[in-house]
Amino acid sequence: MVDLTAKIGALTLKNPIMPASGTFSEDLADVIDMNALGAHVTKTITREKRGGNPTPRVCEVRGSMLNSIGIPSKGIDYFIQNVIPFYQKYDVPLIVSISANNADDFARICEEISVPGVDAIEVNISCPNIEEDGKAFAMRPSTTHQVMTQLRGASDLPLWAKLSPNTGETSEVAQAAEDAGADALVVANTLLSMAIDIHSRKPKLGNLMGGLSGPSLKPITLRMAYQCAKAVDIPVIGCGGISKAEDVIEYLIAGASAVQVGTATFINPTAMITIIAELEAYMAANGMADLSALVGSVRDDDAADAVVFMETAP
Amino acid sequence: MVDLTAKIGALTLKNPIMPASGTFSEDLADVIDMNALGAHVTKTITREKRGGNPTPRVCEVRGSMLNSIGIPSKGIDYFIQNVIPFYQKYDVPLIVSISANNADDFARICEEISVPGVDAIEVNISCPNIEEDGKAFAMRPSTTHQVMTQLRGASDLPLWAKLSPNTGETSEVAQAAEDAGADALVVANTLLSMAIDIHSRKPKLGNLMGGLSGPSLKPITLRMAYQCAKAVDIPVIGCGGISKAEDVIEYLIAGASAVQVGTATFINPTAMITIIAELEAYMAANGMADLSALVGSVRDDDAADAVVFMETAP
Amino acid sequence: MTQTDTAAEVRTSANGEAFEAETVVKSNEEVNGEYRLLILDAPQRILNCRPGQFFHLLCPVTTAHQPYLRRPMSIYGFYPERGELHFLYKVTGEGTRALAELRPGDTLNVLGPLGHGYTIQDDWQNLLLVARGVGLATLAPLAQEARRLGRKLTAICSARSPEVLMSVDLFREMGAEVITVTDAEGTSGMEDIRATIEARIAAGEVDALYTCGSNRMLKLLQDIGAKHGIPGEIALEQQMACGLGMCQCCVRSFRRDNRIVHERVCREGPVFDMQEAMGW
Amino acid sequence: MTQTDTAAEVRTSANGEAFEAETVVKSNEEVNGEYRLLILDAPQRILNCRPGQFFHLLCPVTTAHQPYLRRPMSIYGFYPERGELHFLYKVTGEGTRALAELRPGDTLNVLGPLGHGYTIQDDWQNLLLVARGVGLATLAPLAQEARRLGRKLTAICSARSPEVLMSVDLFREMGAEVITVTDAEGTSGMEDIRATIEARIAAGEVDALYTCGSNRMLKLLQDIGAKHGIPGEIALEQQMACGLGMCQCCVRSFRRDNRIVHERVCREGPVFDMQEAMGW
Ligand SMILES: Cc1cc2nc3c(=O)[nH]c(=O)nc-3n(C[C@H](O)[C@H](O)[C@H](O)COP(=O)(O)OP(=O)(O)OC[C@H]3O[C@@H](n4cnc5c(N)ncnc54)[C@H](O)[C@@H]3O)c2cc1C
Ligand SMILES: Cc1cc2nc3c(=O)[nH]c(=O)nc-3n(C[C@H](O)[C@H](O)[C@H](O)COP(=O)(O)OP(=O)(O)OC[C@H]3O[C@@H](n4cnc5c(N)ncnc54)[C@H](O)[C@@H]3O)c2cc1C
Ligand SMILES: Cc1cc2nc3c(=O)[nH]c(=O)nc-3n(C[C@H](O)[C@H](O)[C@H](O)COP(=O)(O)O)c2cc1C
Ligand SMILES: Cc1cc2nc3c(=O)[nH]c(=O)nc-3n(C[C@H](O)[C@H](O)[C@H](O)COP(=O)(O)O)c2cc1C
Ligand code: FES
Ligand code: FES
């Protein structure tokens with residue numbers, strides 16, 4: 001029997017597969033067994049009600065998508081009254097993603113959302129849509145450290161910091177989050193991008209720019225997950241472009257302790273269920289007892305001429 | 001008749017299509033008419049001889065590729081004696097890409113390569129493979145400004161600064177390059193990425209990490225080209241994920257004055273020739289006399305609810 | 001407004017069940033010019049549909065066409081008895097061009113049935129619909145439902161020219177009275193349609209109005225409905241990613257209780273109260 | 001070394017012309033287990049090939065398989081008289097799995113012919129090749145060329161078992177003497193092959209050695225060649241992006257004039273001097 005259990009700090013997940021914030025909601029219960037997931041991660045909320053960005057909010061690019069949903073939010077009260085109870089039906093940890101436009105508001109919602117039924121808080125310091133031109137807290141080590149310190153003071157729940165691929169300082173930002181008390185890192189959010197309709201000459205997103213997600217993002221966020229796992233001692237949760245069990249295994253080998261699946265659920269709502277089954281089958285077939293057989297096992301010591309050659313002569 | 005002429009500062013190109021550095025060489029003359037191109041851009045060279053990175057130097061990711069070729073270089077003397085004369089056969093401007101590991105060496109090669117037969121110098125301050133962990137000059141406005149100032153003093157030829165998508169400060173880096181005297185910006189180089197073979201658990205590139213190029217890169221570098229065109233007054237040359245005329249038109253609308261085609265030439269060596277013909281046909285069909293009908297014409301003023309609906313009722 | 005509020009309440013609750021299912025293409029023939037009729041061999045569990053609902057189709061990937069997101073398509077017909085699911089679609093871009101390449105025997109992954117369809121209230125005996133182009137796909141199952149419930153249906157079918165009129169026979173088979181209007185004959189203008197509808201209203205022959213899609217038609221029917229106190233429903237479109245209500249990309253604006261609210265076309269819609277819908 | 005230097009000089013110059021061309025699949029049948037023979041209807045201009053050259057194939061994209069880069073494949077046969085180009089390939093990963101889905105009538109975009117093939121010097125009357133697996137694909141056209149030039153060829157064909165031996169008939173048809181060795185019979189070990197070859201050398205029946213691919217075979221033939229002063233050539237493989245010499249990804253190391261040099265497999269190769277090639 002394969003043990004799929006993943007430990008993220010004090011939290012134990014039945015398996016390392018969970019949804020990515022903003023690509024999951026109660027509605028998925030129409031299609032899959034919600035109890036099968038390692039965790040439930042909700043769409044980022046803000047304290048106040050918000051409308052979100054103008055439409056069109058998504059568009060397709062080759063083999064991937066852009067979104068500029070923004071953070072439409074019914075506010076924290078609605079969330080506590082309606083959403084948390086829904087998830088309490090399930091035997092699955094609930095991770096609530098929060099955001100705000102400044103550190104004080106951030107700390108406030110962090111404190112207010114620390115209620116029974118919430119098992120960890122994911123801190124979306126990386127959403128490229130809120131702050132102008134994609135400059136979010138997660139762009140710099142200093143702003144990351146400042147906001148995470150304040151959040152750490154506001155809640156006793158585990159705090160997961162969600163990083164951004166828009167920064168040029170991935171390792172430094174990761175260390176700043178760890179130093180300020182983050183319990184885990186989610187690596188990463190979407191990457192600021194753009195597409196233009198050549199016929200209308202309008203940007204394909206109502207918000208001009210948006211975040212790239214899906215398979216195109218994987219090589220970038222995998223690199224970040226690897227860098228972060230090298231840079232910090234807290235668990236790294238890989239996120240970006242995962243659509244099959246092989247992708248999960250790649251992130252685990254790179255050093256991630258668990259992963260989040262986002263856009264793939266739009267393409268196949270049953271993707272996470274399939275991935276869990278295939279991951280288990282892969283581990284069983286390869287005689288792996290638990291995830292420790294995979295996590296961080298990348299053979300990065302020998303950077304040698306390691307090309308694979310076909311079998312040609314005896 | 002459509003006029004495809006593109007002006008990049010003092011230089012006039014017969015059309016806006018040119019190869020990207022490192023994806024083009026004399027060898028392509030076996031397949032296409034080299035005289036058809038808007039410019040010839042050579043692989044980055046260094047002063048001294050260099051060996052390049054360990055193999056495997058490329059790998060495939062979904063719908064795109066990674067490379068960690070590095071800058072194998074036969075040195076500047078070989079280049080001046082053998083390569084420049086080859087390109088002088090053609091009636092096409094020659095753009096030579098150069099690099100170095102520090103500003104002094106950079107200035108030295110810049111001066112030494114300013115010889116007859118060279119029409120402009122592309123300054124590769126963005127290659128993620130040379131400097132450790134991808135921290136190249138182009139990562140920060142300050143280092144960009146410093147090296148570009150020194151290069152400006154070293155040559156009278158037009159200088160094109162090639163930016164990096166690994167920075168979180170695209171507009172600021174662009175402005176630093178302009179301020180230091182760059183004549184044009186090439187936007188952009190490859191994005192630091194990684195892939196792991198889950199069977200061997202080795203990184204798929206001998207160099208551990210490498211640069212993402214191809215269609216996956218387009219939404220990112222298009223966003224950067226747009227940001228740069230807004231931020232500076234010098235011409236922007238778009239580069240990243242272009243494989244068809246529609247991609248070129250998208251970059252031109254975003255504000256690019258010309259474009260470079262890289263990885264697409266590996267997939268279809270005749271890609272640039274096809275693109276030139278299709279661009280001309282598109283402009284003719286849409287009654288466009290010259291590129292000014294396209295360049296910078298993005299309708300970014302109205303970010304309204306602009307979704308396109310199908311024709312359903314009268 | 002009570003009726004709509006209740007409807008909205010029902011709408012936001014879980015829709016029952018939707019399935020990701022593999023189907024097999026039975027046929028995929030051109031109907032006329034740019035339209036195609038796709039007939040799928042589908043498992044029973046996905047054929048419990050309502051008129052106005054839709055499926056989210058995972059279009060095939062080929063060397064020529066590489067769509068990524070699913071594409072929403074209204075149910076043109078569902079036949080549990082013969083295990084068939086029908087779509088009528090217009091070949092537009094990457095996704096529908098890839099759909100057009102499907103051959104009998106190929107498989108197609110579909111997600112559905114999704115969304116909330118048209119309602120026919122007990123006291124709506126005389127139904128009138130206006131459809132054009134792929135709007136016919138959305139409205140066709142309403143005719144079937146009207147017959148099942150024994151209601152009278154008038155279908156105003158519009159097209160560029162008489163030759164490209166679609167689904168007229170289908171509506172007639174379902175016992176509907178069909179009025180055809182075309183651009184070529186100069187009978188499809190808004191004022192012509194208004195005159196036709198208002199004549200029927202005057203004769204007491206319209207209890208509810210149905211349409212889908214276009215802004216101009218929405219404005220016309222809103223105006224007629226408000227003036228004569230006749231309720232109606234419209235199916236709307238919007239770009240979709242998930243189709244299930246998760247991503248919130250597909251919102252549109254509605255006027256309700258003097259406020260403007262956003263609802264998800266995939267979840268609270270695609271069919272909405274005609275008077276609440278806002279033009280765009 | 002003069003011979004090799006000259007060869008290298010020729011190699012680095014432009015190879016004449018290569019073409020990006022659309023071909024049509026005539027057949028794509030399984031040969032045995034994991035190997036397939038792909039026969040293309042190809043335009044004349046790309047059929048001016050040399051044994052040991054290769055093509056760079058743009059594999060099709062499907063819902064199941066989405067290769068991006070081209071895949072290099074040795075020319076297994078080229079027949080200008082009937083306009084055919086043959087490839088023998090092993091189904092390995094994304095690209096070759098996509099190739100395996102090609103049906104007669106499908107098109108395939110190919111780039112080539114590329115690289116420098118095997119040479120047969122005037123005084124090489126008795127040729128000996130050792131091949132296994134897809135190595136047969138690379139070496140087969142050498143048999144044809146040997147017959148054209150009236151040279152004697154011995155082919156040592158190796159395989160797991162007698163049932164999966166390939167191309168034996170093809171070599172015999174070309175007038176080659178074929179020696180089969182297999183793992184199952186215990187005759188394919190390195191020392192067995194050494195004994196066979198050295199017996200022929202002793203009989204004065206070997207002027208040149210040819211092989212491709214594996215490190216173990218390279219070492220064996222290098223050793224035999226050095227000991228007996230017999231020249232030879234080996235075709236090498238390496239990951240390729242452009243296939244034309246532009247990207248410099250496909251380099252391998254060679255020992256030449258006591259220095260280690262890097263050469264591009266796609267351009268200076270894929271066939272190299274046996275003694276210069278370095279193991280890996
Ligand atoms: C609920 C609903 C039901 C529909 N029913 C039908 C139908 O029965 N028959 C039919 O022909 N069409 C129908 N449409 C429209 C259909 O979804 C689009 O024509 C189709 O998505 C176009 O895809 P494409 O790749 O060919 O075009 P592209 O323009 O290449 O599509 C690019 C992107 O825009 C989206 N898009 C483009 N047009 C529309 C649109 N009008 N509505 C929503 N998204 C769009 C696509 O889904 C895709 O994500 C319906 C739309 C909705 C929302
Ligand atoms: C000059 C040359 C001639 C060849 N001739 C033949 C032949 O006649 N028949 C045959 O079956 N195979 C031949 N090969 C090997 C063939 O190119 C690979 O088997 C094939 O590329 C594998 O692709 P894939 O997508 O199925 O495998 P994957 O493992 O999915 O490929 C992933 C990537 O690695 C590359 N790659 C994998 N294996 C090799 C390899 N051995 N050599 C070079 N690149 C590789 C692929 O091209 C691709 O870019 C030849 C290789 C070279 C360099
Ligand atoms: C439609 C959409 C909405 C998203 N909303 C949020 C959000 O509210 N908060 C957040 O932290 N990330 C959000 N994300 C980012 C995802 O959580 C995830 O980081 C990203 O999509 C990369 O993963 P993927 O490639 O698997 O989708 C959103 C992504 C998409 C596609
Ligand atoms: C194999 C390879 C080698 C490259 N070498 C260089 C180089 O030497 N100098 C440079 O400035 N860019 C180099 N690049 C980057 C390209 O010039 C280009 O910026 C990038 O590939 C994005 O464009 P594309 O998506 O069209 O390929 C290289 C790219 C590839 C794929
Ligand atoms: S399409 Fe995702 S919420 Fe409607
Ligand atoms: S494959 Fe590009 S140089 Fe050989």
# chains A, B, ... in the order shown; residues from 1 in each chain; ligands from 1
>>> residues_near_ligand(ligand="ligand 4", cutoff="7 Å", atoms="only C-alpha atoms and all ligand atoms", output="PDB file with N, CA, C and O atoms, in the first residue's frame")
ATOM      1  N   ALA B  20      16.324  35.983 -34.694  1.00  0.00           N
ATOM      2  CA  ALA B  20      16.773  36.273 -33.336  1.00  0.00           C
ATOM      3  C   ALA B  20      18.152  35.649 -33.143  1.00  0.00           C
ATOM      4  O   ALA B  20      18.438  34.564 -33.669  1.00  0.00           O
ATOM      5  N   SER B  21      18.979  36.325 -32.388  1.00  0.00           N
ATOM      6  CA  SER B  21      20.345  35.851 -32.149  1.00  0.00           C
ATOM      7  C   SER B  21      20.348  34.432 -31.584  1.00  0.00           C
ATOM      8  O   SER B  21      19.581  34.105 -30.681  1.00  0.00           O
ATOM      9  N   GLY B  22      21.194  33.590 -32.131  1.00  0.00           N
ATOM     10  CA  GLY B  22      21.339  32.230 -31.617  1.00  0.00           C
ATOM     11  C   GLY B  22      20.444  31.220 -32.297  1.00  0.00           C
ATOM     12  O   GLY B  22      20.521  30.032 -32.026  1.00  0.00           O
ATOM     13  N   THR B  23      19.588  31.728 -33.195  1.00  0.00           N
ATOM     14  CA  THR B  23      18.668  30.822 -33.894  1.00  0.00           C
ATOM     15  C   THR B  23      18.877  30.948 -35.406  1.00  0.00           C
ATOM     16  O   THR B  23      17.978  30.633 -36.184  1.00  0.00           O
ATOM     17  N   LYS B  43      24.592  35.036 -33.863  1.00  0.00           N
ATOM     18  CA  LYS B  43      24.681  34.467 -32.518  1.00  0.00           C
ATOM     19  C   LYS B  43      25.626  35.312 -31.667  1.00  0.00           C
ATOM     20  O   LYS B  43      26.669  35.764 -32.162  1.00  0.00           O
ATOM     21  N   THR B  44      25.302  35.502 -30.414  1.00  0.00           N
ATOM     22  CA  THR B  44      26.157  36.282 -29.524  1.00  0.00           C
ATOM     23  C   THR B  44      27.587  35.748 -29.524  1.00  0.00           C
ATOM     24  O   THR B  44      27.791  34.531 -29.428  1.00  0.00           O
ATOM     25  N   LEU B  66      13.312  24.594 -24.106  1.00  0.00           N
ATOM     26  CA  LEU B  66      14.295  25.242 -23.247  1.00  0.00           C
ATOM     27  C   LEU B  66      15.663  25.066 -23.894  1.00  0.00           C
ATOM     28  O   LEU B  66      15.925  24.048 -24.527  1.00  0.00           O
ATOM     29  N   ASN B  67      16.544  26.049 -23.709  1.00  0.00           N
ATOM     30  CA  ASN B  67      17.920  25.848 -24.135  1.00  0.00           C
ATOM     31  C   ASN B  67      18.887  26.380 -23.101  1.00  0.00           C
ATOM     32  O   ASN B  67      18.587  27.329 -22.374  1.00  0.00           O
ATOM     33  N   ILE B  69      22.344  26.599 -24.298  1.00  0.00           N
ATOM     34  CA  ILE B  69      23.495  26.506 -25.194  1.00  0.00           C
ATOM     35  C   ILE B  69      24.688  27.189 -24.540  1.00  0.00           C
ATOM     36  O   ILE B  69      25.809  26.696 -24.601  1.00  0.00           O
ATOM     37  N   GLY B  70      24.406  28.324 -23.895  1.00  0.00           N
ATOM     38  CA  GLY B  70      25.506  29.156 -23.439  1.00  0.00           C
ATOM     39  C   GLY B  70      26.017  29.933 -24.636  1.00  0.00           C
ATOM     40  O   GLY B  70      25.301  30.084 -25.633  1.00  0.00           O
ATOM     41  N   ILE B  71      27.236  30.441 -24.558  1.00  0.00           N
ATOM     42  CA  ILE B  71      27.770  31.211 -25.670  1.00  0.00           C
ATOM     43  C   ILE B  71      29.064  30.573 -26.132  1.00  0.00           C
ATOM     44  O   ILE B  71      30.152  31.113 -25.905  1.00  0.00           O
ATOM     45  N   SER B  97      25.593  40.398 -32.457  1.00  0.00           N
ATOM     46  CA  SER B  97      25.265  40.336 -31.027  1.00  0.00           C
ATOM     47  C   SER B  97      26.526  40.041 -30.224  1.00  0.00           C
ATOM     48  O   SER B  97      27.279  39.124 -30.540  1.00  0.00           O
ATOM     49  N   ASN B 124      23.753  41.840 -25.837  1.00  0.00           N
ATOM     50  CA  ASN B 124      23.046  40.794 -25.090  1.00  0.00           C
ATOM     51  C   ASN B 124      23.359  40.942 -23.605  1.00  0.00           C
ATOM     52  O   ASN B 124      24.243  40.291 -23.070  1.00  0.00           O
ATOM     53  N   SER B 126      21.202  40.200 -21.398  1.00  0.00           N
ATOM     54  CA  SER B 126      20.067  39.520 -20.783  1.00  0.00           C
ATOM     55  C   SER B 126      20.174  38.015 -20.775  1.00  0.00           C
ATOM     56  O   SER B 126      19.291  37.333 -20.282  1.00  0.00           O
ATOM     57  N   CYS B 127      21.252  37.483 -21.307  1.00  0.00           N
ATOM     58  CA  CYS B 127      21.309  36.040 -21.404  1.00  0.00           C
ATOM     59  C   CYS B 127      21.328  35.421 -20.007  1.00  0.00           C
ATOM     60  O   CYS B 127      22.190  35.727 -19.189  1.00  0.00           O
ATOM     61  N   LYS B 162      19.330  44.275 -25.689  1.00  0.00           N
ATOM     62  CA  LYS B 162      18.383  43.167 -25.625  1.00  0.00           C
ATOM     63  C   LYS B 162      18.004  42.890 -24.172  1.00  0.00           C
ATOM     64  O   LYS B 162      18.831  42.507 -23.358  1.00  0.00           O
ATOM     65  N   ALA B 188      12.121  40.257 -26.180  1.00  0.00           N
ATOM     66  CA  ALA B 188      13.123  40.056 -25.153  1.00  0.00           C
ATOM     67  C   ALA B 188      13.857  38.743 -25.413  1.00  0.00           C
ATOM     68  O   ALA B 188      13.565  38.011 -26.357  1.00  0.00           O
ATOM     69  N   ASN B 189      14.731  38.418 -24.481  1.00  0.00           N
ATOM     70  CA  ASN B 189      15.467  37.163 -24.488  1.00  0.00           C
ATOM     71  C   ASN B 189      14.608  36.044 -23.873  1.00  0.00           C
ATOM     72  O   ASN B 189      13.416  36.231 -23.647  1.00  0.00           O
ATOM     73  N   THR B 190      15.218  34.911 -23.573  1.00  0.00           N
ATOM     74  CA  THR B 190      14.487  33.757 -23.013  1.00  0.00           C
ATOM     75  C   THR B 190      14.286  33.901 -21.507  1.00  0.00           C
ATOM     76  O   THR B 190      14.974  34.667 -20.850  1.00  0.00           O
ATOM     77  N   SER B 213      11.820  29.447 -24.777  1.00  0.00           N
ATOM     78  CA  SER B 213      11.525  30.190 -26.004  1.00  0.00           C
ATOM     79  C   SER B 213      10.438  29.472 -26.761  1.00  0.00           C
ATOM     80  O   SER B 213      10.132  28.320 -26.466  1.00  0.00           O
ATOM     81  N   GLY B 214       9.863  30.146 -27.724  1.00  0.00           N
ATOM     82  CA  GLY B 214       8.778  29.549 -28.497  1.00  0.00           C
ATOM     83  C   GLY B 214       7.427  30.103 -28.062  1.00  0.00           C
ATOM     84  O   GLY B 214       7.354  31.033 -27.257  1.00  0.00           O
ATOM     85  N   PRO B 215       6.327  29.514 -28.596  1.00  0.00           N
ATOM     86  CA  PRO B 215       4.987  30.067 -28.396  1.00  0.00           C
ATOM     87  C   PRO B 215       4.616  30.390 -26.942  1.00  0.00           C
ATOM     88  O   PRO B 215       3.905  31.364 -26.694  1.00  0.00           O
ATOM     89  N   LEU B 217       6.242  31.727 -24.730  1.00  0.00           N
ATOM     90  CA  LEU B 217       6.836  32.988 -24.291  1.00  0.00           C
ATOM     91  C   LEU B 217       6.062  34.193 -24.811  1.00  0.00           C
ATOM     92  O   LEU B 217       6.160  35.294 -24.259  1.00  0.00           O
ATOM     93  N   LYS B 218       5.273  34.006 -25.845  1.00  0.00           N
ATOM     94  CA  LYS B 218       4.704  35.168 -26.542  1.00  0.00           C
ATOM     95  C   LYS B 218       3.879  36.108 -25.666  1.00  0.00           C
ATOM     96  O   LYS B 218       4.096  37.323 -25.697  1.00  0.00           O
ATOM     97  N   CYS B 239      10.328  40.355 -29.781  1.00  0.00           N
ATOM     98  CA  CYS B 239      10.926  39.031 -29.945  1.00  0.00           C
ATOM     99  C   CYS B 239      10.379  38.088 -28.882  1.00  0.00           C
ATOM    100  O   CYS B 239      10.398  38.404 -27.698  1.00  0.00           O
ATOM    101  N   GLY B 240       9.899  36.942 -29.324  1.00  0.00           N
ATOM    102  CA  GLY B 240       9.394  35.958 -28.377  1.00  0.00           C
ATOM    103  C   GLY B 240       8.169  35.255 -28.928  1.00  0.00           C
ATOM    104  O   GLY B 240       7.111  35.858 -29.067  1.00  0.00           O
ATOM    105  N   GLY B 241       8.325  33.998 -29.300  1.00  0.00           N
ATOM    106  CA  GLY B 241       7.178  33.178 -29.668  1.00  0.00           C
ATOM    107  C   GLY B 241       6.525  33.490 -30.999  1.00  0.00           C
ATOM    108  O   GLY B 241       5.413  33.033 -31.255  1.00  0.00           O
ATOM    109  N   ILE B 242       7.186  34.233 -31.839  1.00  0.00           N
ATOM    110  CA  ILE B 242       6.576  34.545 -33.139  1.00  0.00           C
ATOM    111  C   ILE B 242       6.719  33.362 -34.078  1.00  0.00           C
ATOM    112  O   ILE B 242       7.823  32.848 -34.278  1.00  0.00           O
ATOM    113  N   GLN B 260      11.848  39.989 -34.279  1.00  0.00           N
ATOM    114  CA  GLN B 260      12.811  38.910 -34.496  1.00  0.00           C
ATOM    115  C   GLN B 260      12.098  37.571 -34.338  1.00  0.00           C
ATOM    116  O   GLN B 260      11.272  37.399 -33.439  1.00  0.00           O
ATOM    117  N   VAL B 261      12.454  36.646 -35.204  1.00  0.00           N
ATOM    118  CA  VAL B 261      11.872  35.306 -35.181  1.00  0.00           C
ATOM    119  C   VAL B 261      12.967  34.334 -34.751  1.00  0.00           C
ATOM    120  O   VAL B 261      14.030  34.287 -35.374  1.00  0.00           O
ATOM    121  N   GLY B 262      12.720  33.585 -33.691  1.00  0.00           N
ATOM    122  CA  GLY B 262      13.737  32.680 -33.165  1.00  0.00           C
ATOM    123  C   GLY B 262      13.392  31.224 -33.385  1.00  0.00           C
ATOM    124  O   GLY B 262      13.556  30.677 -34.482  1.00  0.00           O
ATOM    125  N   THR B 263      12.855  30.614 -32.347  1.00  0.00           N
ATOM    126  CA  THR B 263      12.606  29.178 -32.336  1.00  0.00           C
ATOM    127  C   THR B 263      11.779  28.694 -33.524  1.00  0.00           C
ATOM    128  O   THR B 263      11.945  27.550 -33.972  1.00  0.00           O
ATOM    129  N   ALA B 264      10.880  29.531 -34.033  1.00  0.00           N
ATOM    130  CA  ALA B 264      10.035  29.113 -35.154  1.00  0.00           C
ATOM    131  C   ALA B 264      10.878  28.630 -36.329  1.00  0.00           C
ATOM    132  O   ALA B 264      10.464  27.738 -37.078  1.00  0.00           O
TER     133      ALA B 264
ATOM    134  N   CYS D 247      21.857  26.129 -34.100  1.00  0.00           N
ATOM    135  CA  CYS D 247      21.623  26.331 -32.666  1.00  0.00           C
ATOM    136  C   CYS D 247      22.764  25.833 -31.787  1.00  0.00           C
ATOM    137  O   CYS D 247      22.853  26.207 -30.627  1.00  0.00           O
ATOM    138  N   CYS D 249      23.233  23.018 -30.402  1.00  0.00           N
ATOM    139  CA  CYS D 249      22.855  22.179 -29.261  1.00  0.00           C
ATOM    140  C   CYS D 249      23.399  20.771 -29.381  1.00  0.00           C
ATOM    141  O   CYS D 249      23.507  20.052 -28.393  1.00  0.00           O
TER     142      CYS D 249
END
>>> residues_near_ligand(ligand="ligand 2", cutoff="7 Å", atoms="only C-alpha atoms and all ligand atoms", output="PyMOL selection string")
(chain A and resi 308-310) or (chain B and resi 59-60) or (chain D and resi 54+67+69-76+87-97+134-135+137-138+236-241+266+270)
>>> residues_around(residues="stretch 196-202 of chain A", least_positions_apart="6", cutoff="9 Å", atoms="only C-alpha atoms", output="ChimeraX atom specification")
/A:208 /B:222,246-247,249-251,253-254,297-303,306
>>> residues_around(residues="D:Tyr68", least_positions_apart="4", cutoff="9 Å", atoms="only C-alpha atoms", output="MDAnalysis selection string")
(chainID B and resid 60:65 267) or (chainID D and resid 58:59 61 95)
>>> residues_around(residues="D:Glu20", least_positions_apart="4", cutoff="9 Å", atoms="only C-alpha atoms", output="NGL selection string")
(:B and (31 or 268-270)) or (:D and (46 or 109-112))
>>> decode(residues="stretch 134-157 of chain C", atoms="C-alpha atoms", output="short mmCIF file (atom, residue, chain, number, x, y, z; two decimals), in the first residue's frame")
data_model
loop_
_atom_site.label_atom_id
_atom_site.label_comp_id
_atom_site.auth_asym_id
_atom_site.auth_seq_id
_atom_site.Cartn_x
_atom_site.Cartn_y
_atom_site.Cartn_z
CA VAL C 134 -26.92 29.64 -34.05
CA GLY C 135 -29.62 31.10 -31.83
CA LEU C 136 -31.77 28.41 -33.39
CA ALA C 137 -29.59 25.84 -31.68
CA THR C 138 -30.39 27.31 -28.31
CA LEU C 139 -34.12 27.73 -28.91
CA ALA C 140 -34.89 24.49 -30.73
CA PRO C 141 -35.30 22.31 -27.63
CA LEU C 142 -37.85 24.81 -26.36
CA ALA C 143 -40.16 23.74 -29.17
CA GLN C 144 -39.90 20.15 -28.08
CA GLU C 145 -40.65 21.10 -24.49
CA ALA C 146 -43.60 23.27 -25.59
CA ARG C 147 -45.10 20.32 -27.43
CA ARG C 148 -44.55 18.05 -24.44
CA LEU C 149 -46.41 20.55 -22.25
CA GLY C 150 -49.07 21.15 -24.89
CA ARG C 151 -48.32 24.83 -25.38
CA LYS C 152 -48.71 26.76 -28.59
CA LEU C 153 -45.45 28.03 -30.05
CA THR C 154 -44.76 30.62 -32.70
CA ALA C 155 -41.22 30.73 -34.04
CA ILE C 156 -39.93 33.72 -35.92
CA CYS C 157 -36.93 32.43 -37.82
#
